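So this one's run-v3.cif, mmCIF, C-alpha atoms:
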data_coords
#
loop_
_atom_site.label_atom_id
_atom_site.label_comp_id
_atom_site.auth_asym_id
_atom_site.auth_seq_id
_atom_site.Cartn_x
_atom_site.Cartn_y
_atom_site.Cartn_z
CA MET E 522 32.95 91.52 114.65
CA SER E 523 32.87 95.20 115.54
CA ARG E 524 34.52 97.77 113.29
CA SER E 525 37.20 98.50 115.93
CA SER E 526 37.98 94.77 116.30
CA ALA E 527 38.25 94.38 112.53
CA ILE E 528 40.68 97.30 112.32
CA LEU E 529 42.78 95.84 115.17
CA THR E 530 42.83 92.40 113.52
CA ALA E 531 43.91 93.90 110.19
CA PHE E 532 46.63 95.92 111.92
CA LEU E 533 48.01 92.88 113.75
CA SER E 534 47.97 90.82 110.55
CA ALA E 535 49.90 93.52 108.69
CA ALA E 536 52.38 93.78 111.55
CA ALA E 537 52.90 90.03 111.51
CA ILE E 538 53.55 90.06 107.77
CA THR E 539 56.03 92.93 108.16
CA SER E 540 57.76 91.19 111.03
CA THR E 541 58.03 87.94 109.08
CA ALA E 542 59.43 89.71 106.03
CA SER E 543 61.96 91.55 108.18
CA THR E 544 63.07 88.34 109.88
CA ALA E 545 63.31 86.52 106.56
CA ASN E 546 65.77 89.13 105.29
CA ALA E 547 67.83 89.35 108.48
CA TYR E 548 71.23 87.70 108.11
CA THR E 549 74.40 87.75 110.15
CA ALA E 550 77.70 88.95 108.69
CA TYR E 551 81.10 88.13 110.14
CA VAL E 552 84.08 90.43 109.50
CA THR E 553 87.70 89.57 110.36
CA ASN E 554 89.69 92.48 111.81
CA GLU E 555 93.33 91.81 110.99
CA LYS E 556 94.93 94.27 113.44
CA ASP E 557 92.59 93.68 116.40
CA ASN E 558 92.54 89.87 116.22
CA THR E 559 88.76 90.04 116.40
CA VAL E 560 85.61 89.29 114.43
CA SER E 561 82.84 91.88 114.22
CA VAL E 562 79.33 90.43 114.00
CA ILE E 563 76.85 92.53 111.99
CA ASP E 564 73.07 92.26 111.96
CA THR E 565 72.22 92.93 108.30
CA ASP E 566 68.66 93.95 109.19
CA LYS E 567 69.74 96.64 111.64
CA LEU E 568 72.99 97.27 109.72
CA GLU E 569 74.99 97.54 112.92
CA VAL E 570 77.61 95.62 114.88
CA ILE E 571 75.95 93.52 117.57
CA LYS E 572 79.02 91.74 118.93
CA THR E 573 82.82 91.74 118.73
CA VAL E 574 84.78 88.64 119.75
CA LYS E 575 88.46 87.80 120.13
CA VAL E 576 89.78 85.11 117.81
CA GLY E 577 93.28 84.01 116.76
CA GLN E 578 96.22 86.10 115.65
CA ARG E 579 95.84 88.09 112.42
CA PRO E 580 92.50 86.74 111.13
CA ARG E 581 92.06 87.13 107.38
CA GLY E 582 90.24 84.68 105.11
CA ILE E 583 86.86 83.51 106.42
CA VAL E 584 84.22 81.06 105.18
CA MET E 585 81.14 79.42 106.65
CA SER E 586 80.36 75.72 106.79
CA ASN E 587 77.67 74.64 104.34
CA ASP E 588 75.15 74.06 107.12
CA GLY E 589 75.80 77.52 108.59
CA LYS E 590 76.89 76.15 111.98
CA TRP E 591 80.56 77.12 111.88
CA ILE E 592 82.67 80.04 110.79
CA ILE E 593 86.14 78.99 109.64
CA ILE E 594 88.97 81.53 109.84
CA CYS E 595 92.57 81.70 108.62
CA THR E 596 94.50 82.87 111.70
CA SER E 597 97.65 83.68 109.80
CA ASP E 598 100.08 84.43 112.63
CA ASP E 599 98.98 81.29 114.49
CA ASN E 600 99.78 79.27 111.35
CA ASP E 601 96.47 77.44 111.55
CA VAL E 602 92.76 77.67 110.79
CA LYS E 603 90.27 78.06 113.64
CA ILE E 604 86.61 77.08 113.78
CA TYR E 605 84.02 78.93 115.87
CA ASP E 606 80.35 78.25 116.55
CA ALA E 607 78.44 80.70 114.33
CA LYS E 608 75.74 81.42 116.93
CA THR E 609 77.71 81.53 120.19
CA LEU E 610 81.09 82.53 118.69
CA GLU E 611 82.70 80.00 121.02
CA TYR E 612 85.92 78.31 119.90
CA VAL E 613 85.32 74.79 118.55
CA LYS E 614 88.71 73.54 117.31
CA SER E 615 91.75 74.25 115.16
CA LEU E 616 92.64 72.74 111.81
CA PRO E 617 96.20 72.16 110.59
CA SER E 618 97.58 74.21 107.73
CA GLY E 619 100.92 75.33 106.40
CA PRO E 620 102.54 78.59 107.56
CA ASP E 621 100.69 81.89 107.06
CA PRO E 622 97.32 80.69 105.71
CA GLU E 623 95.56 83.57 103.98
CA LEU E 624 92.53 82.54 101.91
CA LEU E 625 90.48 79.38 101.93
CA THR E 626 87.45 77.80 100.27
CA LEU E 627 85.16 74.94 101.11
CA HIS E 628 84.25 72.22 98.63
CA PRO E 629 80.52 71.80 97.87
CA ASP E 630 80.70 68.44 99.68
CA GLY E 631 81.03 70.46 102.89
CA ARG E 632 83.97 68.38 104.07
CA ARG E 633 87.10 69.30 102.11
CA LEU E 634 88.66 72.65 102.97
CA TYR E 635 91.28 74.10 100.63
CA ILE E 636 93.78 76.52 102.22
CA ALA E 637 96.32 78.77 100.49
CA ASN E 638 99.59 78.76 102.45
CA GLU E 639 101.53 81.79 101.32
CA ASP E 640 104.94 80.90 102.78
CA ASP E 641 105.35 77.31 101.56
CA ASN E 642 103.80 77.49 98.05
CA LEU E 643 101.21 74.83 98.79
CA VAL E 644 97.47 74.37 98.85
CA THR E 645 96.62 72.28 101.90
CA VAL E 646 93.48 70.11 101.77
CA VAL E 647 91.94 69.36 105.16
CA ASP E 648 88.94 67.26 106.22
CA ILE E 649 87.03 69.61 108.54
CA ASN E 650 85.26 66.71 110.27
CA THR E 651 88.35 64.67 111.16
CA SER E 652 90.74 67.67 111.30
CA LYS E 653 93.23 65.66 109.24
CA VAL E 654 95.30 66.82 106.27
CA ILE E 655 94.16 64.94 103.16
CA THR E 656 96.96 66.12 100.89
CA GLU E 657 99.13 69.08 99.90
CA ILE E 658 99.24 70.43 96.35
CA PRO E 659 102.33 72.30 95.08
CA VAL E 660 101.48 75.57 93.31
CA GLY E 661 103.26 78.81 92.42
CA VAL E 662 105.09 81.26 94.66
CA GLU E 663 102.92 83.01 97.30
CA PRO E 664 99.55 81.32 96.68
CA GLU E 665 96.52 83.37 97.64
CA GLY E 666 93.26 83.35 95.67
CA MET E 667 91.00 80.28 95.97
CA GLY E 668 88.17 79.96 93.45
CA MET E 669 86.00 76.83 93.55
CA SER E 670 83.85 75.92 90.55
CA PRO E 671 80.16 75.58 91.45
CA ASP E 672 80.21 71.87 90.54
CA GLY E 673 83.23 71.34 92.79
CA LYS E 674 85.36 69.73 90.08
CA VAL E 675 87.95 72.50 89.70
CA LEU E 676 89.80 74.69 92.16
CA VAL E 677 91.71 77.71 90.87
CA ASN E 678 94.55 79.03 93.00
CA THR E 679 96.38 82.27 92.16
CA SER E 680 100.07 82.76 92.95
CA GLU E 681 101.08 86.36 93.64
CA THR E 682 104.73 86.08 92.54
CA THR E 683 104.39 83.51 89.75
CA ASN E 684 101.49 85.60 88.34
CA MET E 685 99.46 82.55 87.39
CA ALA E 686 96.06 80.99 87.85
CA HIS E 687 96.57 77.30 88.62
CA PHE E 688 93.74 74.94 87.63
CA ILE E 689 93.49 71.99 90.04
CA ASP E 690 91.46 68.80 89.58
CA THR E 691 89.71 68.29 92.94
CA THR E 692 89.37 64.53 92.39
CA LYS E 693 93.03 63.87 91.62
CA HIS E 694 94.28 66.89 93.58
CA GLU E 695 96.64 67.70 90.74
CA THR E 696 97.28 70.85 88.70
CA PHE E 697 96.25 70.33 85.09
CA ASP E 698 96.77 73.81 83.63
CA ASN E 699 98.29 77.21 84.36
CA VAL E 700 97.29 80.58 82.90
CA LEU E 701 99.57 83.61 83.02
CA VAL E 702 97.82 86.78 84.19
CA ASP E 703 98.99 90.26 85.21
CA SER E 704 101.09 91.10 88.26
CA ARG E 705 100.09 89.97 91.75
CA PRO E 706 96.84 88.06 91.16
CA ARG E 707 94.65 88.12 94.24
CA VAL E 708 91.19 86.60 93.80
CA ALA E 709 89.70 83.99 91.46
CA MET E 710 85.91 83.81 91.01
CA PHE E 711 83.75 81.58 88.80
CA ASN E 712 80.36 82.73 87.55
CA SER E 713 77.49 80.38 88.38
CA ALA E 714 77.27 79.00 84.81
CA GLN E 715 81.01 78.17 84.90
CA THR E 716 81.50 79.93 81.58
CA GLN E 717 83.78 82.61 83.03
CA LEU E 718 86.57 82.73 85.59
CA TRP E 719 87.53 86.21 86.81
CA VAL E 720 91.03 86.83 88.20
CA SER E 721 92.02 90.17 89.75
CA SER E 722 95.62 91.43 89.49
CA GLU E 723 96.38 93.95 92.21
CA VAL E 724 99.63 95.40 90.88
CA GLY E 725 98.75 94.90 87.21
CA GLY E 726 95.57 96.89 87.79
CA THR E 727 93.45 94.54 85.67
CA VAL E 728 90.95 91.72 85.80
CA THR E 729 91.50 88.80 83.43
CA VAL E 730 88.42 86.83 82.33
CA ILE E 731 89.16 83.22 81.36
CA ASN E 732 87.05 80.51 79.72
CA PRO E 733 87.30 77.59 82.19
CA ALA E 734 86.55 75.03 79.46
CA ASP E 735 89.71 75.65 77.43
CA ARG E 736 91.57 78.09 79.75
CA LYS E 737 91.75 80.69 76.98
CA ILE E 738 91.58 84.38 77.92
CA ILE E 739 88.23 85.90 76.92
CA GLY E 740 89.21 89.45 77.73
CA LYS E 741 90.98 91.80 80.09
CA ILE E 742 89.40 94.67 82.00
CA SER E 743 91.29 97.82 82.96
CA PHE E 744 90.01 100.77 84.97
CA ASP E 745 90.12 104.54 84.57
CA ILE E 746 88.87 106.80 87.37
CA PRO E 747 89.19 110.59 86.98
CA GLY E 748 91.47 112.03 89.65
CA ILE E 749 92.83 108.62 90.71
CA THR E 750 96.32 107.52 89.66
CA LYS E 751 96.75 104.15 87.95
CA GLU E 752 98.96 102.98 90.84
CA ALA E 753 96.07 103.47 93.29
CA ILE E 754 93.70 101.27 91.26
CA GLN E 755 94.37 97.82 92.69
CA PRO E 756 91.71 95.18 91.93
CA VAL E 757 91.23 92.60 94.69
CA GLY E 758 87.81 91.19 95.69
CA ILE E 759 85.33 90.02 93.05
CA ARG E 760 81.66 89.08 93.35
CA ILE E 761 79.25 88.16 90.53
CA THR E 762 75.46 88.33 90.81
CA LYS E 763 73.47 85.09 90.79
CA ASP E 764 72.13 85.80 87.29
CA ASP E 765 75.74 86.23 86.06
CA LYS E 766 74.93 89.63 84.54
CA ILE E 767 76.90 92.00 86.78
CA ALA E 768 80.30 91.75 88.44
CA PHE E 769 81.54 93.91 91.28
CA VAL E 770 85.30 94.44 91.68
CA ALA E 771 86.92 96.02 94.75
CA LEU E 772 89.65 98.46 93.69
CA GLY E 773 91.70 98.77 96.90
CA PRO E 774 93.22 102.24 97.56
CA ALA E 775 91.04 103.74 94.80
CA ASN E 776 88.22 103.47 97.37
CA ARG E 777 85.81 102.38 94.65
CA VAL E 778 83.92 99.26 93.63
CA ALA E 779 83.64 98.86 89.87
CA VAL E 780 80.33 97.66 88.39
CA ILE E 781 80.91 95.63 85.24
CA ASP E 782 78.65 94.16 82.54
CA THR E 783 79.78 90.53 82.29
CA ALA E 784 78.61 90.17 78.67
CA THR E 785 80.56 93.13 77.29
CA LEU E 786 83.23 93.32 80.03
CA LYS E 787 82.62 97.08 80.13
CA VAL E 788 82.71 99.12 83.33
CA LEU E 789 79.28 100.64 83.93
CA LYS E 790 80.08 102.80 86.94
CA TYR E 791 82.20 103.19 90.07
CA ILE E 792 80.73 103.19 93.57
CA LEU E 793 82.55 105.26 96.20
CA VAL E 794 83.04 103.22 99.38
CA GLY E 795 85.48 103.24 102.31
CA GLN E 796 89.26 103.45 102.16
CA ARG E 797 91.23 100.49 100.76
CA VAL E 798 88.27 98.31 99.86
CA TRP E 799 89.38 94.69 99.93
CA GLN E 800 86.95 91.75 100.11
CA MET E 801 83.18 91.57 99.51
CA TYR E 802 80.20 89.28 100.10
CA PHE E 803 76.54 89.24 99.04
CA THR E 804 73.66 88.69 101.42
CA PRO E 805 71.95 85.40 100.46
CA ASP E 806 68.99 87.22 98.89
CA GLY E 807 71.44 89.10 96.65
CA LYS E 808 70.04 92.49 97.65
CA GLU E 809 73.09 93.83 99.45
CA LEU E 810 76.85 93.61 99.03
CA LEU E 811 79.14 94.16 102.01
CA THR E 812 82.69 95.42 101.49
CA THR E 813 85.61 95.47 103.95
CA ASN E 814 87.53 98.75 103.96
CA GLY E 815 90.89 98.23 105.64
CA ALA E 816 92.16 101.80 105.99
CA SER E 817 88.89 103.38 107.20
CA ASN E 818 88.06 100.47 109.54
CA ASP E 819 84.52 100.06 108.28
CA VAL E 820 82.17 98.03 106.11
CA THR E 821 80.22 99.61 103.27
CA VAL E 822 76.77 98.24 102.46
CA ILE E 823 75.87 98.48 98.76
CA ASP E 824 72.32 98.31 97.42
CA VAL E 825 72.84 95.86 94.55
CA ALA E 826 69.77 96.75 92.49
CA ASN E 827 70.43 100.49 92.63
CA GLN E 828 74.23 100.06 92.55
CA LYS E 829 74.90 102.60 95.28
CA ALA E 830 76.36 102.67 98.79
CA ILE E 831 73.71 103.04 101.48
CA LYS E 832 75.59 102.81 104.77
CA SER E 833 79.00 102.63 106.42
CA ILE E 834 79.38 100.45 109.53
CA LYS E 835 82.35 100.90 111.87
CA VAL E 836 84.10 97.64 112.78
CA GLY E 837 87.58 96.78 114.14
CA ARG E 838 90.99 97.77 112.87
CA TYR E 839 91.92 96.68 109.36
CA PRO E 840 88.86 94.66 108.36
CA TRP E 841 89.95 92.01 105.86
CA GLY E 842 87.48 89.18 105.17
CA VAL E 843 83.71 88.93 105.29
CA VAL E 844 81.12 86.15 105.08
CA VAL E 845 77.34 86.22 105.52
CA SER E 846 75.24 83.45 107.07
CA PRO E 847 72.99 81.47 104.71
CA ASN E 848 69.98 81.98 107.01
#
If you took the structure in this file and wrote it as structure tokens, what would it be?
Amino acid sequence: MSRSSAILTAFLSAAAITSTASTANAYTAYVTNEKDNTVSVIDTDKLEVIKTVKVGQRPRGIVMSNDGKWIIICTSDDNDVKIYDAKTLEYVKSLPSGPDPELLTLHPDGRRLYIANEDDNLVTVVDINTSKVITEIPVGVEPEGMGMSPDGKVLVNTSETTNMAHFIDTTKHETFDNVLVDSRPRVAMFNSAQTQLWVSSEVGGTVTVINPADRKIIGKISFDIPGITKEAIQPVGIRITKDDKIAFVALGPANRVAVIDTATLKVLKYILVGQRVWQMYFTPDGKELLTTNGASNDVTVIDVANQKAIKSIKVGRYPWGVVVSPN
């Protein structure tokens, strides 16, 4: 082989490796825009919106089917849940729910969908394959947060007005314990080891960390940001890294995401993001965290390792929920 041919071969091999690596890290994010009744589709490799599609009325909570084929959206003003093909964004079907569904979570079995219905104080359980309601579980007033344990045995629902985290047995579909937290709890999130459950309280301005084994409170996290009033610090979305070492908490109108050591429950730093940061989601490789910023109509991309914001992506009006494809 000539020297020029060898150089060309080496160049093409390197290009192929780079291309493969880039493709391997390219995921698709889906963002619900509450005011526009749309979903913005983001290419996480290019970090830009590649498509915007109309969906139902007032889309908020969003999850993806376990096989990555469907996106499942709470269309709150339609009083139902709609399913769309993740690749084509074409409408597939609607699922029944109670009035004003807001947040939802899918069981690890990939079949049972749990929906928080804010107006009727119920968690509705639906089979996504048959589109039939399995059962309805009474909970507190204005249910919202839906935290599923990694083993699928326990669902935790938070009720905004009752100010409780309700522990539900997913086999019996019955509540077996209730834990009082601070005002207006929003999101419940288990760590992967199931040794901690984190519950954000928007009006209380705190995050309560609970031991799921005995439902005792491990600790409570409060926040102090120079120049920001306590009333503006409103914890909502929570995400915990796969190694369970770091938690990220969205602080609403404070326009910050708190970075917290899960062992000490101490705040390490605050990351400035868009206005009224609400929900968040990791890319599957754990390298990036996407936040929805309702008042600035954008998504902030956070570099997880360096704990800093790297880009803002304009989406629709009042972005609310976000999910990222598994592949």
* Asked: Of the candidates E:Val562, E:Leu568, E:Val647, E:Met667, which one gets nearest to Asp601 (chain E) if we count all atoms listed in the file?
  ->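 Checking each candidate against Asp601 (chain E), we get E:Val647 as the closest.
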* Asked: When the PyMOL selection byres ((chain E and resi 797) around 9) is applied to the file above, which residues end up in the set, as a list in words?
  ->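 Evaluating the PyMOL selection byres ((chain E and resi 797) around 9) on these coordinates yields Ala771, Leu772, Gly773, Pro774, Ala775, Asn776, Arg777, Val794, Gly795, Gln796, Val798, Trp799, Thr813, Asn814, Gly815, Ala816 and Ser817 of chain E.
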* Asked: Which polymer residues have any atom within 9 Å of an atom of region 634-644 of chain E, counting all atoms listed in the file, with same-chain residues fewer than 3 positions away left out, as a ChimeraX atom specification?
  -> /E:595,600,602,618-628,631,647-649,656-667,676,678,680-681
* For the structure provided, state which residues fall under the PyMOL selection byres ((chain E and resi 731) around 8), and present them as a list in words. =>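 Against this file, the PyMOL selection byres ((chain E and resi 731) around 8) returns the residues Gln717, Leu718, Trp719, Val720, Thr729, Val730, Asn732, Pro733, Arg736, Lys737, Ile738, Ile739 and Gly740 of chain E.
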Written file, previous selection with C-alpha atoms, as a short mmCIF file (atom, residue, chain, number, x, y, z; two decimals), in the coordinates of the input:
data_model
loop_
_atom_site.label_atom_id
_atom_site.label_comp_id
_atom_site.auth_asym_id
_atom_site.auth_seq_id
_atom_site.Cartn_x
_atom_site.Cartn_y
_atom_site.Cartn_z
CA GLN E 717 83.78 82.61 83.03
CA LEU E 718 86.57 82.73 85.59
CA TRP E 719 87.53 86.21 86.81
CA VAL E 720 91.03 86.83 88.20
CA THR E 729 91.50 88.80 83.43
CA VAL E 730 88.42 86.83 82.33
CA ASN E 732 87.05 80.51 79.72
CA PRO E 733 87.30 77.59 82.19
CA ARG E 736 91.57 78.09 79.75
CA LYS E 737 91.75 80.69 76.98
CA ILE E 738 91.58 84.38 77.92
CA ILE E 739 88.23 85.90 76.92
CA GLY E 740 89.21 89.45 77.73
#
* Structure fact -> Atom pair CA of Lys835 (chain E) + CA of Thr812 (chain E), distance 11.7 Å
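Note that CA of Gly842 (chain E) and CA of Asn684 (chain E) are 22.2 Å apart.
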* Asked: Using only C-alpha atoms, which of E:Val778, E:Leu789, E:Leu616, E:Ile823 sits nearest Thr804 (chain E)?
  ->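 With only C-alpha atoms as the atom set, the closest residue is E:Ile823.
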* Starting from the displayed file, determine the output of the PyMOL selection byres ((chain E and resi 611-613) around 12) and express the residue list as a list in words. =>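 Going through the file, the PyMOL selection byres ((chain E and resi 611-613) around 12) ends up selecting Val560, Thr573, Val574, Lys575, Val576, Gly577, Lys590, Trp591, Ile592, Ile593, Ile594, Val602, Lys603, Ile604, Tyr605, Asp606, Ala607, Lys608, Thr609, Leu610, Lys614, Ser615, Leu616, Ile649, Asn650 and Ser652 of chain E.
The space separating CA of Ala547 (chain E) from CA of Ile759 (chain E) comes to 23.3 Å.
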* To do: Excluding Thr696 (chain E) and residues on its chain fewer than 2 positions from it, collect all residues at most 9 Å away from it, counting all atoms listed in the file, and give them as a VMD selection string.
  => chain E and resid 658 to 660 687 to 690 693 to 694 698 to 699
